[in-house]
There are 2 protein chains.
Amino acid sequence: MALISPSRRLRRTPFSDGVEAAGVTGYTVYNRMLLPTVFRSIVEDYHHLKEAVQVWDVACERQVEVRGPDAARLIQMLTPRDLRGMLAGQCYYMPVVDETGGMLNDPVVVKLSDDRWWISIADSDLLLWVKGVAYGYRLDVLVDEPDISPLAIQGPKSDDLMAAVFGDGIRDLRFFRYGWYDFKGKSLLIARSGYSKQGGFEIYVDGSEIGMPLWNALMEAGKPLDVRAGCPNGIERVEGGLLSYGNDMTDDNTPHECGLGRFCNTATAVGCIGRDALLRVAKEGPVKQVRAIAIDATALPGCDRPWPLMAGTKQVGQVTSAAISPDFGGGVAIGMVRMTHWDAGQLLRVETPGGAFDAEVRESFWAL
Amino acid sequence: MALISPSRRLRRTPFSDGVEAAGVTGYTVYNRMLLPTVFRSIVEDYHHLKEAVQVWDVACERQVEVRGPDAARLIQMLTPRDLRGMLAGQCYYMPVVDETGGMLNDPVVVKLSDDRWWISIADSDLLLWVKGVAYGYRLDVLVDEPDISPLAIQGPKSDDLMAAVFGDGIRDLRFFRYGWYDFKGKSLLIARSGYSKQGGFEIYVDGSEIGMPLWNALMEAGKPLDVRAGCPNGIERVEGGLLSYGNDMTDDNTPHECGLGRFCNTATAVGCIGRDALLRVAKEGPVKQVRAIAIDATALPGCDRPWPLMAGTKQVGQVTSAAISPDFGGGVAIGMVRMTHWDAGQLLRVETPGGAFDAEVRESFWAL
């Protein structure tokens with residue numbers, strides 16, 4: 001492990017002062033912005049996330065805002081998911097594909113109105129794709145990155161913390177719905193969503209200047225709940241099967257390979273750029289697909305490169321995220337496996353820089 | 001300073017094994033790939049770069065390859081620099097702008113032939129912009145990221161090292177020209193270029209499998225020259241005024257603000273997407289511009305955010321890269337200053353997280 005060198009290019013966030021004061025010890029870089037990865041230790045953070053409530057600086061989930069008369073048309077061009085039934089007040093998970101059906105990002109899209117949308121992006125400059133397509137098609141839209149920084153509240157006590165700051169009404173918010181809630185006279189969009197399986201919210205903090213006041217208010221109100229600064233947890237998200245763009249999928253992969261076929265309405269998502277390529281995939285099915293992989297190990301190195309999954313001397317897949325699970329025992333992993341070996345119960349070997357281990361394809365990811 | 005957490009998303013390079021064996025101690029992330037920042041110490045690396053020769057893993061300078069009958073038209077759409085006179089065998093520094101004239105990247109473009117180009121990019125997913133525009137305009141081109149990883153040889157003894165591996169003919173290569181040179185039966189494009197003022201070459205390593213063999217051959221041949229693994233040096237590049245996209249300029253800035261007006265041929269670069277916006281800027285001139293800034297300090301924090309440049313109580317600019325220079329003494333910096341205060345000799349104050357210091361606008365950057 002090496003140190004990360006500071007520079008303006010690795011952007012700080014409106015919450016960085018709070019993150020540093022809370023004693024962050026590890027970072028990654030996501031959308032050219034700092035994303036905390038560890039506070040006390042990954043294991044200690046993991047247990048706390050499952051028991052209490054955490055405040056996460058996920059400002060790196062940058063927004064692509066699309067405004068104007070052609071906004072809805074442009075958003076539908078980006079994705080094979082049929083958005084016709086989507087209403088203001090809803091959030092949709094939305095695979096974004098290029099003309100070959102390759103994944104460019106897997107954001108959550110937030111519909112503000114027919115002519116105003118936010119795309120809350122994973123780690124790639126989706127802004128440039130959206131701007132390029134809009135320009136090429138001469139669409140009547142404005143596309144830019146507004147000063148909006150998501151702050152996530154995650155963990156079983158999330159409702160209690162949010163109610164303490166925003167009022168009890170927020171308890172009624174449904175999953176992947178949003179509402180507008182007041183903080184110091186400013187109306188903030190808050191969704192019930194987030195990158196863990198422990199429940200919680202994402203606050204779309206509009207304006208950097210209220211970042212630390214909101215952070216501090218949450219920390220103060222959360223004292224009785226044992227609130228802490230946290231971050232997406234590398235163990236918990238693998239247990240829950242939450243894919244990570246750039247780790248578990250890249251632009252080489254179709255949504256079907258990523259297990260996202262249910263978000264591909266190729267027959268009805270009229271206008272989707274990758275529709276023709278995906279129609280073909282949807283008919284024939286993918287020849288490899290994401291799977292939960294159990295690894296028979298008590299220690300694993302960091303998964304900084306794909307680990308080959310072997311059936312005898314033949315490579316039949318790869319593991320792209322892995323960790324040792326305190327709650328389930330042994331190694332939990334996300335991999336992509338060829339059709340010939342992807343059935344649950346299939347025994348394989350995984351080759352890591354720390355040695356080879358027995359592995360087994362599972363029916364599903366680990367719950368809670 | 002915190003540790004960087006390993007993941008596949010922060011891509012390793014074909015040279016990572018060599019970089020680690022050489023004892024890298026610091027990284028940044030550039031185009032979602034690991035870029036070394038420190039080996040022994042920034043100061044020790046700096047002196048060695050100016051005296052000997054270094055091998056740099058700059059695989060993070062990813063290539064956008066554009067091929068097909070419309071390739072030349074598409075490349076000209078990207079930039080206000082007039083490319084009509086460019087020949088195969090040449091490399092051009094090329095600002096890339098959006099429709100508003102905002103900088104999207106500042107790559108070096110390599111012309112292989114009229115219908116095949118490589119764009120060697122700075123830190124943004126330019127691939128997505130180029131693909132989006134090509135798709136929107138229905139251009140007859142293929143756009144992708146090939147398996148090409150630049151390896152830079154920098155320092156005053158670069159010619160000697162390169163001649164030892166590729167033959168004496170390489171000494172005749174002119175600045176920003178390239179040629180094809182043999183390594184183990186494979187023909188590699190090598191340009192006289194690189195992100196330092198110490199002279200050197202960039203080898204466009206075509207195929208990951210030859211990465212380490214080439215690295216090892218250079219290290220072996222360079223022993224009499226005191227070759228070492230190195231990386232772009234945070235002091236040397238500021239002394240030399242080499243701008244860094246994301247640090248010293250962003251998509252908020254026009255090329256003219258970045259001092260790149262000489263690369264903007266708005267009258268003749270027909271087809272450039274941002275031409276209309278830049279024609280306006282070219283007529284009126286920018287109201288702020290990049291400047292060399294001397295700082296009267298003996299120690300400075302890492303410049304992880306813009307530092308305000310003050311004239312009394314009024315902010316008139318910002319510093320975006322800074323370091324203490326062993327060779328020139330005191331602080332050397334790159335900043336952007338408003339027209340009212342950008343003349344050489346102007347005295348200002350710079351506010352850093354480590355305190356405020358006297359600063360002076362300089363006529364030019366520091367040489368060698």
# chains A, B, ... in the order shown; residues from 1 in each chain; ligands from 1
$ closest_atom_pairs --of "chain A" --to "chain B" --cutoff "6 Å" --atoms "only C-alpha atoms" --output "Markdown table"
| residue | atom | partner | partner_atom | distance |
| --- | --- | --- | --- | --- |
| A:Ala2 | CA | B:Thr25 | CA | 5.2 |
| A:Leu3 | CA | B:Leu3 | CA | 4.4 |
| A:Ile4 | CA | B:Tyr27 | CA | 5.1 |
| A:Ser5 | CA | B:Thr28 | CA | 5.6 |
| A:Pro6 | CA | B:Asp304 | CA | 5.1 |
| A:Ser7 | CA | B:Asp304 | CA | 4.1 |
| A:Arg8 | CA | B:Asp304 | CA | 4.3 |
| A:Arg9 | CA | B:Gly246 | CA | 4.5 |
| A:Thr25 | CA | B:Ala2 | CA | 5.2 |
| A:Gly26 | CA | B:Leu3 | CA | 4.7 |
| A:Tyr27 | CA | B:Ile4 | CA | 5.1 |
| A:Thr28 | CA | B:Ser5 | CA | 5.6 |
| A:Asp125 | CA | B:Asp125 | CA | 5.6 |
| A:Leu128 | CA | B:Trp129 | CA | 4.7 |
| A:Trp129 | CA | B:Leu128 | CA | 4.7 |
| A:Gly132 | CA | B:Gly132 | CA | 4.2 |
| A:Val133 | CA | B:Gly132 | CA | 4.6 |
| A:Gly136 | CA | B:Gly136 | CA | 3.7 |
| A:Tyr137 | CA | B:Gly136 | CA | 5.1 |
| A:Gly246 | CA | B:Arg9 | CA | 4.5 |
| A:Asn247 | CA | B:Arg9 | CA | 4.8 |
| A:Gly302 | CA | B:Pro6 | CA | 6.0 |
| A:Cys303 | CA | B:Ser7 | CA | 5.5 |
| A:Asp304 | CA | B:Ser7 | CA | 4.1 |
| A:Arg305 | CA | B:Arg8 | CA | 4.6 |
$ residues_around --residues "Glu363 of chain B" --least-positions-apart "2" --cutoff "8 Å" --atoms "only C-alpha atoms" --output "ChimeraX atom specification"
/B:291-292,343-345,361,365
$ write_last_selection --atoms "N, CA, C and O atoms" --output "mmCIF file, in the first residue's frame"
data_model
loop_
_atom_site.group_PDB
_atom_site.id
_atom_site.type_symbol
_atom_site.label_atom_id
_atom_site.label_comp_id
_atom_site.auth_asym_id
_atom_site.auth_seq_id
_atom_site.Cartn_x
_atom_site.Cartn_y
_atom_site.Cartn_z
ATOM 1 N N ARG B 291 -0.301 32.208 -15.000
ATOM 2 C CA ARG B 291 0.948 32.921 -14.761
ATOM 3 C C ARG B 291 1.872 32.088 -13.864
ATOM 4 O O ARG B 291 1.392 31.285 -13.051
ATOM 5 N N ALA B 292 3.158 32.321 -14.006
ATOM 6 C CA ALA B 292 4.136 31.818 -13.042
ATOM 7 C C ALA B 292 4.086 32.718 -11.817
ATOM 8 O O ALA B 292 4.078 33.945 -11.944
ATOM 9 N N ASP B 343 0.318 41.534 -14.508
ATOM 10 C CA ASP B 343 1.616 41.974 -15.045
ATOM 11 C C ASP B 343 2.773 41.497 -14.170
ATOM 12 O O ASP B 343 2.659 41.421 -12.944
ATOM 13 N N ALA B 344 3.891 41.207 -14.832
ATOM 14 C CA ALA B 344 5.077 40.751 -14.118
ATOM 15 C C ALA B 344 5.487 41.791 -13.074
ATOM 16 O O ALA B 344 5.451 43.000 -13.333
ATOM 17 N N GLY B 345 5.871 41.311 -11.913
ATOM 18 C CA GLY B 345 6.283 42.201 -10.837
ATOM 19 C C GLY B 345 5.170 42.530 -9.868
ATOM 20 O O GLY B 345 5.421 43.074 -8.785
ATOM 21 N N VAL B 361 3.934 37.919 -9.277
ATOM 22 C CA VAL B 361 3.694 37.446 -10.635
ATOM 23 C C VAL B 361 4.988 37.590 -11.430
ATOM 24 O O VAL B 361 5.645 38.628 -11.375
ATOM 25 N N PHE B 365 8.121 31.246 -16.634
ATOM 26 C CA PHE B 365 8.433 30.148 -15.719
ATOM 27 C C PHE B 365 9.940 30.021 -15.560
ATOM 28 O O PHE B 365 10.712 30.761 -16.178
#
$ closest_residue --among "B:Pro326, B:Pro14, B:Gly317, B:Gly68" --to "Asp147 of chain B" --atoms "only C-alpha atoms"
B:Pro14
$ select_by_dssp --residues "segment 99-293 of chain B" --states "strand (DSSP E or B)" --output "ChimeraX atom specification"
/B:103-105,108-113,116-120,142-144,148-154,175,177-183,186-192,200-206,228-230,245,249,288-293
$ write_last_selection --atoms "C-alpha atoms" --output "mmCIF file, in the first residue's frame"
data_model
loop_
_atom_site.group_PDB
_atom_site.id
_atom_site.type_symbol
_atom_site.label_atom_id
_atom_site.label_comp_id
_atom_site.auth_asym_id
_atom_site.auth_seq_id
_atom_site.Cartn_x
_atom_site.Cartn_y
_atom_site.Cartn_z
ATOM 1 C CA MET B 103 -11.197 22.777 -22.128
ATOM 2 C CA LEU B 104 -12.114 19.072 -22.063
ATOM 3 C CA ASN B 105 -8.537 17.789 -22.246
ATOM 4 C CA VAL B 108 -0.924 15.190 -27.688
ATOM 5 C CA VAL B 109 -2.312 13.902 -30.972
ATOM 6 C CA VAL B 110 -0.238 11.518 -33.073
ATOM 7 C CA LYS B 111 -0.989 11.305 -36.785
ATOM 8 C CA LEU B 112 -0.332 7.811 -38.092
ATOM 9 C CA SER B 113 -2.003 8.480 -41.452
ATOM 10 C CA ARG B 116 -5.652 6.756 -38.327
ATOM 11 C CA TRP B 117 -4.823 8.902 -35.292
ATOM 12 C CA TRP B 118 -3.953 8.394 -31.638
ATOM 13 C CA ILE B 119 -4.934 10.955 -29.020
ATOM 14 C CA SER B 120 -2.685 10.621 -25.974
ATOM 15 C CA LEU B 142 -14.120 3.579 -35.238
ATOM 16 C CA VAL B 143 -13.216 5.073 -31.852
ATOM 17 C CA ASP B 144 -11.739 2.997 -29.063
ATOM 18 C CA ILE B 148 -1.175 0.945 -25.832
ATOM 19 C CA SER B 149 0.718 2.155 -22.771
ATOM 20 C CA PRO B 150 3.234 4.995 -22.981
ATOM 21 C CA LEU B 151 6.550 4.560 -21.201
ATOM 22 C CA ALA B 152 8.577 7.759 -20.894
ATOM 23 C CA ILE B 153 12.367 8.065 -20.794
ATOM 24 C CA GLN B 154 13.272 11.462 -19.329
ATOM 25 C CA PHE B 175 11.236 17.166 -31.024
ATOM 26 C CA ARG B 177 8.401 13.815 -34.215
ATOM 27 C CA TYR B 178 8.125 10.069 -34.033
ATOM 28 C CA GLY B 179 9.595 7.055 -35.749
ATOM 29 C CA TRP B 180 9.188 3.283 -35.661
ATOM 30 C CA TYR B 181 11.844 1.279 -33.806
ATOM 31 C CA ASP B 182 12.285 -2.432 -33.295
ATOM 32 C CA PHE B 183 12.159 -4.198 -29.932
ATOM 33 C CA LYS B 186 7.948 -5.717 -32.632
ATOM 34 C CA SER B 187 7.837 -2.252 -34.200
ATOM 35 C CA LEU B 188 7.135 0.470 -31.617
ATOM 36 C CA LEU B 189 6.214 4.102 -32.160
ATOM 37 C CA ILE B 190 8.665 6.329 -30.274
ATOM 38 C CA ALA B 191 8.352 10.114 -30.080
ATOM 39 C CA ARG B 192 10.742 12.725 -28.732
ATOM 40 C CA GLY B 200 13.512 12.537 -23.561
ATOM 41 C CA PHE B 201 11.200 10.162 -25.340
ATOM 42 C CA GLU B 202 7.844 8.462 -25.070
ATOM 43 C CA ILE B 203 7.537 4.850 -26.203
ATOM 44 C CA TYR B 204 4.004 3.849 -27.194
ATOM 45 C CA VAL B 205 4.163 0.284 -25.930
ATOM 46 C CA ASP B 206 1.767 -1.675 -28.123
ATOM 47 C CA ARG B 228 16.088 4.712 -12.064
ATOM 48 C CA ALA B 229 12.355 4.313 -12.041
ATOM 49 C CA GLY B 230 10.818 7.782 -11.875
ATOM 50 C CA TYR B 245 -5.380 19.348 -16.723
ATOM 51 C CA MET B 249 -7.196 24.232 -15.844
ATOM 52 C CA LYS B 288 -7.698 36.041 -16.517
ATOM 53 C CA GLN B 289 -4.726 33.938 -17.500
ATOM 54 C CA VAL B 290 -2.181 31.408 -16.282
ATOM 55 C CA ARG B 291 0.948 32.921 -14.761
ATOM 56 C CA ALA B 292 4.136 31.818 -13.042
ATOM 57 C CA ILE B 293 3.945 32.842 -9.391
#
$ residues_around --residues "Pro107 of chain B" --least-positions-apart "5" --cutoff "9 Å" --atoms "only C-alpha atoms" --output "PDB file with N, CA and C atoms, in the first residue's frame"
ATOM      1  N   GLU B  61      -1.517   7.772 -19.565  1.00  0.00           N
ATOM      2  CA  GLU B  61      -1.783   8.576 -20.768  1.00  0.00           C
ATOM      3  C   GLU B  61      -2.428   7.638 -21.786  1.00  0.00           C
ATOM      4  N   TYR B  92       1.271  16.671 -32.256  1.00  0.00           N
ATOM      5  CA  TYR B  92       0.863  18.051 -31.959  1.00  0.00           C
ATOM      6  C   TYR B  92       0.235  18.087 -30.560  1.00  0.00           C
ATOM      7  N   TYR B  93       0.592  19.089 -29.792  1.00  0.00           N
ATOM      8  CA  TYR B  93      -0.161  19.411 -28.583  1.00  0.00           C
ATOM      9  C   TYR B  93      -1.458  20.060 -29.037  1.00  0.00           C
ATOM     10  N   MET B  94      -2.579  19.634 -28.504  1.00  0.00           N
ATOM     11  CA  MET B  94      -3.868  19.985 -29.084  1.00  0.00           C
ATOM     12  C   MET B  94      -4.898  20.257 -27.992  1.00  0.00           C
ATOM     13  N   PRO B  95      -5.263  21.525 -27.742  1.00  0.00           N
ATOM     14  CA  PRO B  95      -6.372  21.763 -26.805  1.00  0.00           C
ATOM     15  C   PRO B  95      -7.648  21.161 -27.386  1.00  0.00           C
ATOM     16  N   VAL B  96      -8.450  20.518 -26.547  1.00  0.00           N
ATOM     17  CA  VAL B  96      -9.753  20.003 -26.976  1.00  0.00           C
ATOM     18  C   VAL B  96     -10.819  20.777 -26.207  1.00  0.00           C
ATOM     19  N   ILE B 119      -4.885   9.790 -29.908  1.00  0.00           N
ATOM     20  CA  ILE B 119      -4.934  10.955 -29.020  1.00  0.00           C
ATOM     21  C   ILE B 119      -4.445  10.487 -27.662  1.00  0.00           C
ATOM     22  N   SER B 120      -3.331  11.041 -27.221  1.00  0.00           N
ATOM     23  CA  SER B 120      -2.685  10.621 -25.974  1.00  0.00           C
ATOM     24  C   SER B 120      -3.154  11.576 -24.884  1.00  0.00           C
ATOM     25  N   ILE B 121      -4.093  11.101 -24.053  1.00  0.00           N
ATOM     26  CA  ILE B 121      -4.933  12.021 -23.278  1.00  0.00           C
ATOM     27  C   ILE B 121      -4.418  12.350 -21.879  1.00  0.00           C
ATOM     28  N   ALA B 122      -4.823  13.539 -21.428  1.00  0.00           N
ATOM     29  CA  ALA B 122      -4.726  13.938 -20.020  1.00  0.00           C
ATOM     30  C   ALA B 122      -5.932  13.359 -19.280  1.00  0.00           C
TER      31      ALA B 122
END
$ select_by_dssp --residues "segment 138-188 of chain B" --states "helix (DSSP H, G or I)" --output "PyMOL selection string"
chain B and resi 158-166+168-172
$ residues_around --residues "Ala297 of chain A" --least-positions-apart "6" --cutoff "10 Å" --atoms "only C-alpha atoms" --output "VMD selection string"
chain A and resid 323 to 324 329 to 332 355 to 359
$ write_last_selection --atoms "C-alpha atoms" --output "CSV table (one decimal), in the first residue's frame"
chain,number,residue,atom,x,y,z
A,323,ALA,CA,-13.2,-9.8,0.9
A,324,ILE,CA,-13.2,-12.0,4.0
A,329,GLY,CA,-17.1,-16.8,7.3
A,330,GLY,CA,-14.6,-17.3,4.5
A,331,GLY,CA,-14.3,-15.3,1.3
A,332,VAL,CA,-17.2,-13.5,-0.4
A,355,GLY,CA,-2.2,-18.2,-3.6
A,356,ALA,CA,-4.9,-20.4,-5.2
A,357,PHE,CA,-8.1,-21.3,-3.3
A,358,ASP,CA,-11.2,-23.5,-3.7
A,359,ALA,CA,-14.2,-21.5,-4.8
